[in-house]
file structure07.cif (mmCIF, C-alpha atoms)
data_query
loop_
_atom_site.label_atom_id
_atom_site.label_comp_id
_atom_site.auth_asym_id
_atom_site.auth_seq_id
_atom_site.Cartn_x
_atom_site.Cartn_y
_atom_site.Cartn_z
CA MET H 284 70.48 109.93 -40.67
CA SER H 285 70.55 108.92 -36.97
CA ARG H 286 73.76 109.32 -35.05
CA ARG H 287 75.57 106.08 -34.33
CA ARG H 288 75.37 105.10 -30.68
CA ALA H 289 78.60 105.68 -28.76
CA THR H 290 80.29 102.69 -27.18
CA LEU H 291 82.96 102.29 -24.55
CA ALA H 292 85.42 101.62 -27.37
CA THR H 293 84.41 104.94 -29.00
CA ILE H 294 85.10 106.87 -25.80
CA ALA H 295 88.33 104.98 -25.13
CA ALA H 296 89.66 105.75 -28.62
CA ALA H 297 88.80 109.45 -28.28
CA ALA H 298 90.46 109.67 -24.88
CA GLY H 299 93.48 107.59 -25.84
CA VAL H 300 92.91 105.17 -22.97
CA SER H 301 91.79 101.55 -22.64
CA VAL H 302 88.19 100.37 -22.46
CA ALA H 303 88.95 99.15 -18.95
CA THR H 304 89.83 102.71 -17.88
CA VAL H 305 86.54 104.08 -19.25
CA SER H 306 84.70 101.30 -17.41
CA LYS H 307 86.47 102.28 -14.18
CA VAL H 308 85.30 105.89 -14.58
CA LEU H 309 81.72 104.76 -15.18
CA ASN H 310 81.89 102.64 -12.03
CA ASP H 311 83.49 105.43 -9.96
CA ARG H 312 86.66 103.44 -9.33
CA SER H 313 89.30 105.37 -7.42
CA ASP H 314 92.34 104.08 -9.35
CA VAL H 315 92.10 106.57 -12.24
CA ALA H 316 94.10 109.79 -12.39
CA PRO H 317 91.93 112.94 -11.85
CA ALA H 318 92.87 114.44 -15.23
CA THR H 319 92.03 111.20 -17.04
CA ARG H 320 88.76 110.91 -15.12
CA ALA H 321 87.75 114.46 -16.09
CA LEU H 322 88.61 113.86 -19.77
CA VAL H 323 86.65 110.60 -19.93
CA ARG H 324 83.60 112.15 -18.25
CA ALA H 325 83.68 115.08 -20.65
CA LEU H 326 83.81 112.74 -23.64
CA LEU H 327 80.98 110.61 -22.23
CA HIS H 328 78.85 113.75 -22.04
CA GLU H 329 79.97 115.03 -25.46
CA HIS H 330 79.17 111.73 -27.19
CA GLY H 331 75.90 111.32 -25.33
CA TYR H 332 76.94 107.92 -24.05
CA VAL H 333 74.03 105.86 -22.73
CA PRO H 334 74.84 102.61 -20.89
CA PRO H 335 73.29 99.62 -22.63
CA ARG H 336 70.06 98.32 -21.20
CA ARG H 337 70.84 95.30 -19.11
CA GLY H 338 68.86 92.16 -19.69
CA PRO H 339 69.13 89.01 -17.59
CA ALA H 340 72.56 88.79 -16.03
CA GLN H 341 75.03 86.89 -18.18
CA PRO H 342 78.23 85.46 -16.73
CA ALA H 343 81.49 87.01 -17.84
CA THR H 344 83.56 84.85 -20.16
CA VAL H 345 87.26 84.05 -20.36
CA GLU H 346 88.47 82.57 -23.65
CA VAL H 347 91.11 79.83 -23.73
CA ARG H 348 92.82 79.33 -27.12
CA VAL H 349 94.59 76.08 -27.95
CA ASP H 350 96.15 74.35 -30.96
CA GLU H 351 94.96 70.87 -30.02
CA LEU H 352 93.46 68.94 -27.12
CA SER H 353 96.11 66.50 -25.98
CA ALA H 354 96.27 65.14 -22.43
CA TYR H 355 98.61 68.02 -21.59
CA GLU H 356 96.27 70.77 -22.79
CA SER H 357 93.21 69.05 -21.33
CA GLU H 358 94.63 69.07 -17.82
CA ILE H 359 95.37 72.81 -18.01
CA ILE H 360 91.89 73.51 -19.35
CA LYS H 361 90.31 71.53 -16.49
CA GLY H 362 92.11 73.85 -14.09
CA THR H 363 90.79 76.97 -15.82
CA ILE H 364 87.22 75.63 -15.92
CA GLU H 365 87.20 74.74 -12.22
CA ALA H 366 88.69 78.11 -11.26
CA GLY H 367 86.16 79.83 -13.52
CA ALA H 368 83.27 78.00 -11.90
CA ALA H 369 84.50 79.06 -8.47
CA ALA H 370 84.67 82.70 -9.64
CA GLY H 371 81.31 82.63 -11.44
CA VAL H 372 82.98 83.01 -14.84
CA SER H 373 82.34 80.96 -17.97
CA VAL H 374 85.30 79.47 -19.85
CA VAL H 375 85.06 79.02 -23.62
CA VAL H 376 87.72 76.96 -25.44
CA THR H 377 88.54 77.92 -29.04
CA LYS H 378 91.10 76.80 -31.61
CA ARG H 379 93.97 79.15 -32.32
CA THR H 380 93.78 80.86 -35.71
CA ALA H 381 95.49 83.73 -37.46
CA GLY H 382 92.15 85.46 -38.05
CA PRO H 383 90.45 88.23 -36.04
CA LEU H 384 89.63 87.56 -32.41
CA ASP H 385 86.12 87.58 -30.98
CA LEU H 386 86.01 90.79 -28.93
CA THR H 387 82.29 90.66 -28.24
CA ALA H 388 80.75 91.83 -24.99
CA GLY H 389 81.24 89.49 -22.07
CA ARG H 390 84.84 88.55 -22.84
CA ARG H 391 86.96 89.47 -19.84
CA ALA H 392 90.36 88.10 -20.86
CA LEU H 393 92.19 85.70 -23.14
CA ILE H 394 94.30 82.75 -22.02
CA THR H 395 96.54 81.04 -24.59
CA LEU H 396 98.68 77.94 -24.29
CA PHE H 397 102.38 78.13 -25.22
CA GLU H 398 102.33 81.24 -27.45
CA GLU H 399 101.03 84.77 -27.19
CA PRO H 400 98.67 86.02 -29.94
CA ALA H 401 100.07 87.33 -33.21
CA PRO H 402 101.10 91.03 -33.11
CA ALA H 403 97.94 92.25 -34.88
CA GLN H 404 95.75 90.23 -32.54
CA LEU H 405 97.64 91.43 -29.48
CA ALA H 406 97.24 95.05 -30.62
CA ALA H 407 93.48 94.54 -30.99
CA LEU H 408 93.25 93.02 -27.52
CA THR H 409 95.24 95.88 -26.03
CA ARG H 410 92.94 98.46 -27.67
CA ALA H 411 89.93 96.61 -26.29
CA GLY H 412 91.44 96.50 -22.80
CA LEU H 413 91.43 92.69 -22.70
CA PRO H 414 94.41 91.19 -20.83
CA VAL H 415 96.31 88.16 -22.12
CA VAL H 416 97.83 85.36 -20.03
CA VAL H 417 100.06 82.70 -21.62
CA VAL H 418 100.36 79.29 -19.94
CA ASP H 419 103.73 77.49 -20.19
CA PRO H 420 105.13 79.81 -22.87
CA LEU H 421 107.50 78.29 -25.39
CA TYR H 422 109.08 81.69 -25.90
CA LEU H 423 109.36 84.63 -23.52
CA PRO H 424 106.22 86.78 -23.95
CA GLY H 425 106.30 90.51 -24.60
CA ALA H 426 106.06 93.14 -21.87
CA LEU H 427 102.26 93.46 -22.21
CA VAL H 428 101.63 89.76 -21.62
CA THR H 429 101.56 87.89 -18.32
CA SER H 430 102.60 84.24 -18.20
CA VAL H 431 102.26 81.23 -15.90
CA GLY H 432 104.62 78.26 -16.07
CA PRO H 433 106.52 75.59 -14.12
CA THR H 434 109.97 75.78 -12.54
CA ASN H 435 111.67 74.37 -15.64
CA PHE H 436 115.25 74.87 -14.41
CA ALA H 437 114.60 73.22 -11.05
CA GLY H 438 112.75 70.38 -12.76
CA GLY H 439 115.68 69.76 -15.09
CA MET H 440 118.05 69.67 -12.13
CA SER H 441 115.92 67.24 -10.12
CA ALA H 442 115.56 64.82 -13.06
CA THR H 443 119.31 64.77 -13.64
CA GLN H 444 120.16 64.55 -9.95
CA HIS H 445 117.89 61.51 -9.70
CA LEU H 446 119.82 59.73 -12.46
CA LEU H 447 123.13 60.74 -10.89
CA SER H 448 121.98 59.35 -7.53
CA LEU H 449 121.36 56.01 -9.26
CA GLY H 450 125.01 55.91 -10.28
CA HIS H 451 124.60 56.95 -13.92
CA ARG H 452 127.38 59.07 -15.39
CA ARG H 453 126.68 58.82 -19.12
CA ILE H 454 123.47 60.87 -19.01
CA ALA H 455 122.12 62.47 -22.20
CA TYR H 456 119.60 65.27 -22.67
CA LEU H 457 116.80 64.88 -25.24
CA GLY H 458 115.26 68.33 -25.56
CA GLY H 459 112.52 70.30 -27.24
CA PRO H 460 112.98 73.06 -29.84
CA ALA H 461 116.46 74.52 -29.41
CA THR H 462 115.25 78.13 -29.16
CA ALA H 463 112.30 77.47 -26.84
CA ALA H 464 112.68 79.13 -23.43
CA SER H 465 111.23 76.08 -21.66
CA ASN H 466 113.78 73.82 -23.36
CA GLN H 467 116.64 76.17 -22.54
CA ALA H 468 115.69 76.24 -18.86
CA ARG H 469 115.36 72.44 -18.60
CA MET H 470 118.66 71.95 -20.44
CA HIS H 471 120.44 74.42 -18.15
CA GLY H 472 119.04 72.56 -15.16
CA TYR H 473 120.49 69.34 -16.60
CA ARG H 474 123.88 70.95 -17.21
CA ALA H 475 123.93 72.54 -13.76
CA ALA H 476 123.32 69.18 -12.08
CA MET H 477 126.04 67.51 -14.16
CA GLU H 478 128.52 70.28 -13.39
CA ALA H 479 127.73 70.24 -9.67
CA ALA H 480 128.45 66.50 -9.62
CA ASP H 481 131.66 67.07 -11.61
CA VAL H 482 130.38 64.75 -14.34
CA PRO H 483 131.22 65.78 -17.94
CA VAL H 484 128.57 66.06 -20.64
CA LEU H 485 130.04 63.94 -23.41
CA PRO H 486 130.11 65.15 -27.05
CA GLY H 487 126.79 64.62 -28.81
CA TYR H 488 124.92 64.00 -25.54
CA VAL H 489 122.62 67.03 -25.97
CA VAL H 490 120.09 66.88 -28.82
CA THR H 491 117.06 69.13 -29.29
CA PRO H 492 114.77 67.69 -31.98
CA GLY H 493 111.43 68.72 -30.43
CA TYR H 494 108.69 67.79 -27.98
CA CYS H 495 106.78 65.19 -30.04
CA TYR H 496 106.90 61.38 -29.86
CA ARG H 497 108.52 61.12 -33.29
CA ASP H 498 111.15 63.66 -32.15
CA GLY H 499 111.91 61.37 -29.25
CA VAL H 500 112.28 58.38 -31.57
CA ARG H 501 114.62 60.30 -33.85
CA GLY H 502 116.64 61.93 -31.08
CA GLY H 503 116.78 58.73 -29.04
CA ALA H 504 118.14 56.80 -32.03
CA ALA H 505 120.84 59.45 -32.53
CA LEU H 506 121.89 59.27 -28.87
CA LEU H 507 121.95 55.48 -28.77
CA GLY H 508 124.10 55.43 -31.91
CA LEU H 509 126.90 57.26 -30.11
CA SER H 510 130.02 55.55 -28.79
CA PRO H 511 129.94 55.33 -25.88
CA ALA H 512 126.16 55.33 -25.74
CA PRO H 513 124.36 56.86 -22.74
CA THR H 514 123.08 54.65 -19.95
CA ALA H 515 120.38 57.19 -19.10
CA VAL H 516 118.34 59.83 -20.95
CA PHE H 517 116.52 62.81 -19.51
CA ALA H 518 113.84 63.80 -22.01
CA ALA H 519 112.29 67.28 -21.79
CA CYS H 520 108.73 65.94 -22.16
CA ASP H 521 106.88 62.68 -21.64
CA GLU H 522 106.09 62.11 -25.32
CA ALA H 523 109.74 62.43 -26.29
CA ALA H 524 110.67 60.09 -23.43
CA LEU H 525 108.30 57.44 -24.83
CA GLY H 526 109.91 57.97 -28.24
CA ALA H 527 113.33 57.33 -26.68
CA ILE H 528 112.02 54.10 -25.15
CA HIS H 529 110.81 53.02 -28.60
CA ALA H 530 114.25 53.80 -30.07
CA ALA H 531 115.90 51.73 -27.32
CA ARG H 532 113.68 48.73 -27.94
CA ALA H 533 114.35 48.98 -31.67
CA ARG H 534 118.02 48.37 -30.77
CA GLY H 535 117.17 45.43 -28.55
CA LEU H 536 117.76 47.41 -25.35
CA ARG H 537 115.66 46.98 -22.23
CA VAL H 538 114.24 49.88 -20.21
CA PRO H 539 115.27 50.36 -17.47
CA GLU H 540 117.79 47.48 -17.29
CA ASP H 541 119.92 48.76 -20.19
CA LEU H 542 118.71 52.37 -20.38
CA SER H 543 117.04 54.54 -17.74
CA VAL H 544 114.64 57.19 -19.04
CA VAL H 545 113.15 60.20 -17.23
CA GLY H 546 110.52 62.49 -18.73
CA PHE H 547 108.95 65.86 -17.95
CA ASP H 548 105.19 66.69 -17.60
CA ASP H 549 103.52 63.73 -15.83
CA THR H 550 100.53 63.54 -18.13
CA GLU H 551 98.45 60.36 -18.20
CA VAL H 552 100.78 58.80 -20.81
CA ALA H 553 103.51 58.63 -18.16
CA PHE H 554 101.39 56.37 -15.98
CA MET H 555 100.09 54.33 -18.92
CA SER H 556 103.50 53.63 -20.47
CA SER H 557 105.36 50.35 -20.03
CA PRO H 558 107.36 50.62 -17.89
CA ARG H 559 105.62 53.45 -16.09
CA LEU H 560 107.63 56.61 -16.59
CA THR H 561 109.72 58.38 -14.00
CA THR H 562 109.06 62.04 -14.74
CA VAL H 563 109.00 65.61 -13.48
CA ARG H 564 105.44 66.56 -12.66
CA GLN H 565 104.24 69.91 -13.92
CA PRO H 566 101.33 71.31 -11.86
CA LEU H 567 99.18 71.56 -15.01
CA HIS H 568 95.84 71.77 -13.24
CA GLU H 569 97.11 74.45 -10.87
CA MET H 570 98.70 76.39 -13.75
CA GLY H 571 95.29 76.61 -15.43
CA GLY H 572 93.69 77.85 -12.24
CA VAL H 573 96.37 80.46 -11.57
CA ALA H 574 96.10 81.67 -15.19
CA LEU H 575 92.32 82.13 -14.82
CA ARG H 576 92.55 83.98 -11.52
CA THR H 577 95.39 86.16 -12.80
CA ALA H 578 93.41 87.03 -15.94
CA LEU H 579 90.44 88.11 -13.81
CA ARG H 580 92.64 90.28 -11.60
CA LEU H 581 94.12 91.98 -14.65
CA SER H 582 90.68 92.54 -16.19
CA ALA H 583 89.57 94.21 -12.96
CA GLY H 584 92.52 96.59 -13.19
CA GLU H 585 94.27 95.12 -10.16
CA GLU H 586 98.02 95.16 -9.74
CA ILE H 587 99.86 91.82 -9.87
CA ASP H 588 103.14 91.03 -8.16
CA SER H 589 104.90 89.59 -11.23
CA ARG H 590 104.41 89.33 -14.98
CA HIS H 591 105.66 85.75 -14.83
CA VAL H 592 104.49 83.24 -12.22
CA GLU H 593 106.31 79.92 -11.73
CA LEU H 594 104.77 76.96 -9.91
CA ALA H 595 106.92 74.25 -8.35
CA THR H 596 107.63 70.97 -10.15
CA GLU H 597 108.05 67.59 -8.44
CA LEU H 598 109.98 64.46 -9.38
CA VAL H 599 107.79 61.34 -9.54
CA VAL H 600 109.83 58.12 -9.45
CA ARG H 601 108.37 55.08 -11.22
CA GLU H 602 109.81 52.07 -13.03
CA SER H 603 111.64 53.57 -16.03
CA SER H 604 114.76 54.50 -14.00
CA LEU H 605 117.09 52.00 -12.36
CA ALA H 606 120.51 51.98 -10.71
CA ALA H 607 123.42 51.77 -13.15
#

call {"tool": "encode", "arguments": {"input": "structure07.cif", "output": "structure tokens"}}
result
Amino acid sequence: MSRRRATLATIAAAAGVSVATVSKVLNDRSDVAPATRALVRALLHEHGYVPPRRGPAQPATVEVRVDELSAYESEIIKGTIEAGAAAGVSVVVTKRTAGPLDLTAGRRALITLFEEPAPAQLAALTRAGLPVVVVDPLYLPGALVTSVGPTNFAGGMSATQHLLSLGHRRIAYLGGPATAASNQARMHGYRAAMEAADVPVLPGYVVTPGYCYRDGVRGGAALLGLSPAPTAVFAACDEAALGAIHAARARGLRVPEDLSVVGFDDTEVAFMSSPRLTTVRQPLHEMGGVALRTALRLSAGEEIDSRHVELATELVVRESSLAA
């Protein structure tokens, strides 16, 4: 029976190193310890490793995994595709599953939106030497995962400061999942702005039903049922902000005359809403590009300055906020 051909994964497993390290030795990279280099070379010789015959050059591929393709996800993906084109790298978009990942040749890295892969998947990626970058993580990623996101705290502050500058004092916070890191940061930004202005957060004025439209309807109805009711709502995402506007109209309230509403994201729904939504703009396109470039640097074995990169947010004032 013929001996099975050795692969980079075979050598990496025998040496107890990553596939990327074996690749560095094969390419005579200098950033490998001498002892590790000697061990890998000995194992390459022992296993009779023969580099695969190269056919026509195929572009390297970065995989982007998503749950759905909303306006939010689409803008991030556009950023990764444009950055990939500039780097000569293909971007393939797949749907997130709990099953095994495609670790076929050509994959350079994995980018996921909001959540890192499941533990078993992450272990497989680590063994294969494929780096993972999470964009706008809901929860703080593990030590082996790099993430790219917006300045959530600063964005929460700027949204609340805008409402305070309009004379509002009864300002409520309509947040995402209570345990989500992004929600916590935006909520703390809201509270910091209120505290700095010496304005109390009234009982019941912080609710965290979730980031969806229906969450905004439900949370908005709860806030508007309070006594006294808020005159302004800062919602932690645009969809929830639109839900709050629906809840206000269901009570016969006008936006912004009776209730000012500010969102967070600045997806296309913010511009298409009536009235157009004042919101905190996340640099979604740029986040996708930074994630792609960071993934390529990691796959090349380069050092990065930080495991978490934050890009600046910006308040965009439109018609949904008005002076109290």

call {"tool": "closest_residue", "arguments": {"input": "structure07.cif", "among": "H:Arg391, H:His529, H:Arg580, H:Arg601", "to": "H:Pro558", "atoms": "all atoms listed in the file"}}
result
H:Arg601

call {"tool": "resolve_selection", "arguments": {"input": "structure07.cif", "expression": "the PyMOL selection byres ((chain H and resi 301-306) around 8)", "output": "list in words"}}
result
Leu291, Ala292, Ile294, Ala295, Ala296, Gly299, Val300, Lys307, Val308, Leu309, Asn310, Val315, Val323, Thr409, Arg410, Ala411, Gly412, Leu413, Ser582, Ala583 and Gly584 of chain H

call {"tool": "closest_residue", "arguments": {"input": "structure07.cif", "among": "H:Val500, H:Ala505, H:Ala531, H:Ala524", "to": "H:Val563", "atoms": "only C-alpha atoms"}}
result
H:Ala524

call {"tool": "atom_distance", "arguments": {"input": "structure07.cif", "atom1": "atom CA of H:Thr562", "atom2": "atom CA of H:Val416"}}
result
26.4 Å

call {"tool": "atom_distance", "arguments": {"input": "structure07.cif", "atom1": "atom CA of H:Thr561", "atom2": "atom CA of H:Val431"}}
result
24.1 Å

call {"tool": "decode", "arguments": {"input": "structure07.cif", "residues": "stretch 407-462 of chain H", "atoms": "C-alpha atoms", "output": "PDB file, in the first residue's frame"}}
result
ATOM      1  CA  ALA H 407     -10.050  23.625  14.149  1.00  0.00           C
ATOM      2  CA  LEU H 408      -9.131  27.038  12.763  1.00  0.00           C
ATOM      3  CA  THR H 409      -6.312  27.410  15.282  1.00  0.00           C
ATOM      4  CA  ARG H 410      -4.900  23.986  14.347  1.00  0.00           C
ATOM      5  CA  ALA H 411      -5.027  24.963  10.685  1.00  0.00           C
ATOM      6  CA  GLY H 412      -3.278  28.266  11.379  1.00  0.00           C
ATOM      7  CA  LEU H 413      -6.203  30.325  10.057  1.00  0.00           C
ATOM      8  CA  PRO H 414      -6.745  33.602  11.943  1.00  0.00           C
ATOM      9  CA  VAL H 415     -10.213  34.847  12.914  1.00  0.00           C
ATOM     10  CA  VAL H 416     -11.398  38.464  12.974  1.00  0.00           C
ATOM     11  CA  VAL H 417     -14.802  39.399  14.431  1.00  0.00           C
ATOM     12  CA  VAL H 418     -16.526  42.583  13.240  1.00  0.00           C
ATOM     13  CA  ASP H 419     -18.636  44.515  15.779  1.00  0.00           C
ATOM     14  CA  PRO H 420     -18.643  41.711  18.364  1.00  0.00           C
ATOM     15  CA  LEU H 421     -21.741  41.371  20.515  1.00  0.00           C
ATOM     16  CA  TYR H 422     -19.636  39.764  23.220  1.00  0.00           C
ATOM     17  CA  LEU H 423     -15.952  40.187  24.014  1.00  0.00           C
ATOM     18  CA  PRO H 424     -14.004  37.629  21.935  1.00  0.00           C
ATOM     19  CA  GLY H 425     -11.482  35.211  23.390  1.00  0.00           C
ATOM     20  CA  ALA H 426      -7.754  35.881  23.538  1.00  0.00           C
ATOM     21  CA  LEU H 427      -7.084  34.114  20.211  1.00  0.00           C
ATOM     22  CA  VAL H 428      -9.527  36.271  18.264  1.00  0.00           C
ATOM     23  CA  THR H 429      -9.004  39.790  16.938  1.00  0.00           C
ATOM     24  CA  SER H 430     -11.971  42.150  16.643  1.00  0.00           C
ATOM     25  CA  VAL H 431     -12.895  45.387  14.869  1.00  0.00           C
ATOM     26  CA  GLY H 432     -15.716  47.630  16.071  1.00  0.00           C
ATOM     27  CA  PRO H 433     -16.950  51.203  16.555  1.00  0.00           C
ATOM     28  CA  THR H 434     -16.421  53.543  19.495  1.00  0.00           C
ATOM     29  CA  ASN H 435     -19.659  52.467  21.181  1.00  0.00           C
ATOM     30  CA  PHE H 436     -19.124  54.421  24.410  1.00  0.00           C
ATOM     31  CA  ALA H 437     -18.293  57.668  22.620  1.00  0.00           C
ATOM     32  CA  GLY H 438     -21.241  57.167  20.280  1.00  0.00           C
ATOM     33  CA  GLY H 439     -23.605  56.706  23.213  1.00  0.00           C
ATOM     34  CA  MET H 440     -22.296  59.886  24.796  1.00  0.00           C
ATOM     35  CA  SER H 441     -22.646  61.970  21.630  1.00  0.00           C
ATOM     36  CA  ALA H 442     -26.245  60.806  21.042  1.00  0.00           C
ATOM     37  CA  THR H 443     -27.248  61.699  24.591  1.00  0.00           C
ATOM     38  CA  GLN H 444     -25.351  64.991  24.601  1.00  0.00           C
ATOM     39  CA  HIS H 445     -27.207  65.968  21.433  1.00  0.00           C
ATOM     40  CA  LEU H 446     -30.571  65.425  23.134  1.00  0.00           C
ATOM     41  CA  LEU H 447     -29.388  67.282  26.230  1.00  0.00           C
ATOM     42  CA  SER H 448     -28.281  70.215  24.057  1.00  0.00           C
ATOM     43  CA  LEU H 449     -31.832  70.396  22.683  1.00  0.00           C
ATOM     44  CA  GLY H 450     -33.118  70.932  26.211  1.00  0.00           C
ATOM     45  CA  HIS H 451     -34.410  67.416  26.884  1.00  0.00           C
ATOM     46  CA  ARG H 452     -34.083  66.148  30.443  1.00  0.00           C
ATOM     47  CA  ARG H 453     -36.396  63.130  30.422  1.00  0.00           C
ATOM     48  CA  ILE H 454     -34.201  61.016  28.137  1.00  0.00           C
ATOM     49  CA  ALA H 455     -34.633  57.227  28.033  1.00  0.00           C
ATOM     50  CA  TYR H 456     -32.301  54.519  26.746  1.00  0.00           C
ATOM     51  CA  LEU H 457     -33.686  51.739  24.522  1.00  0.00           C
ATOM     52  CA  GLY H 458     -30.921  49.155  24.336  1.00  0.00           C
ATOM     53  CA  GLY H 459     -29.938  45.855  22.792  1.00  0.00           C
ATOM     54  CA  PRO H 460     -29.406  42.557  24.644  1.00  0.00           C
ATOM     55  CA  ALA H 461     -28.569  43.357  28.268  1.00  0.00           C
ATOM     56  CA  THR H 462     -25.392  41.245  28.327  1.00  0.00           C
TER      57      THR H 462
END
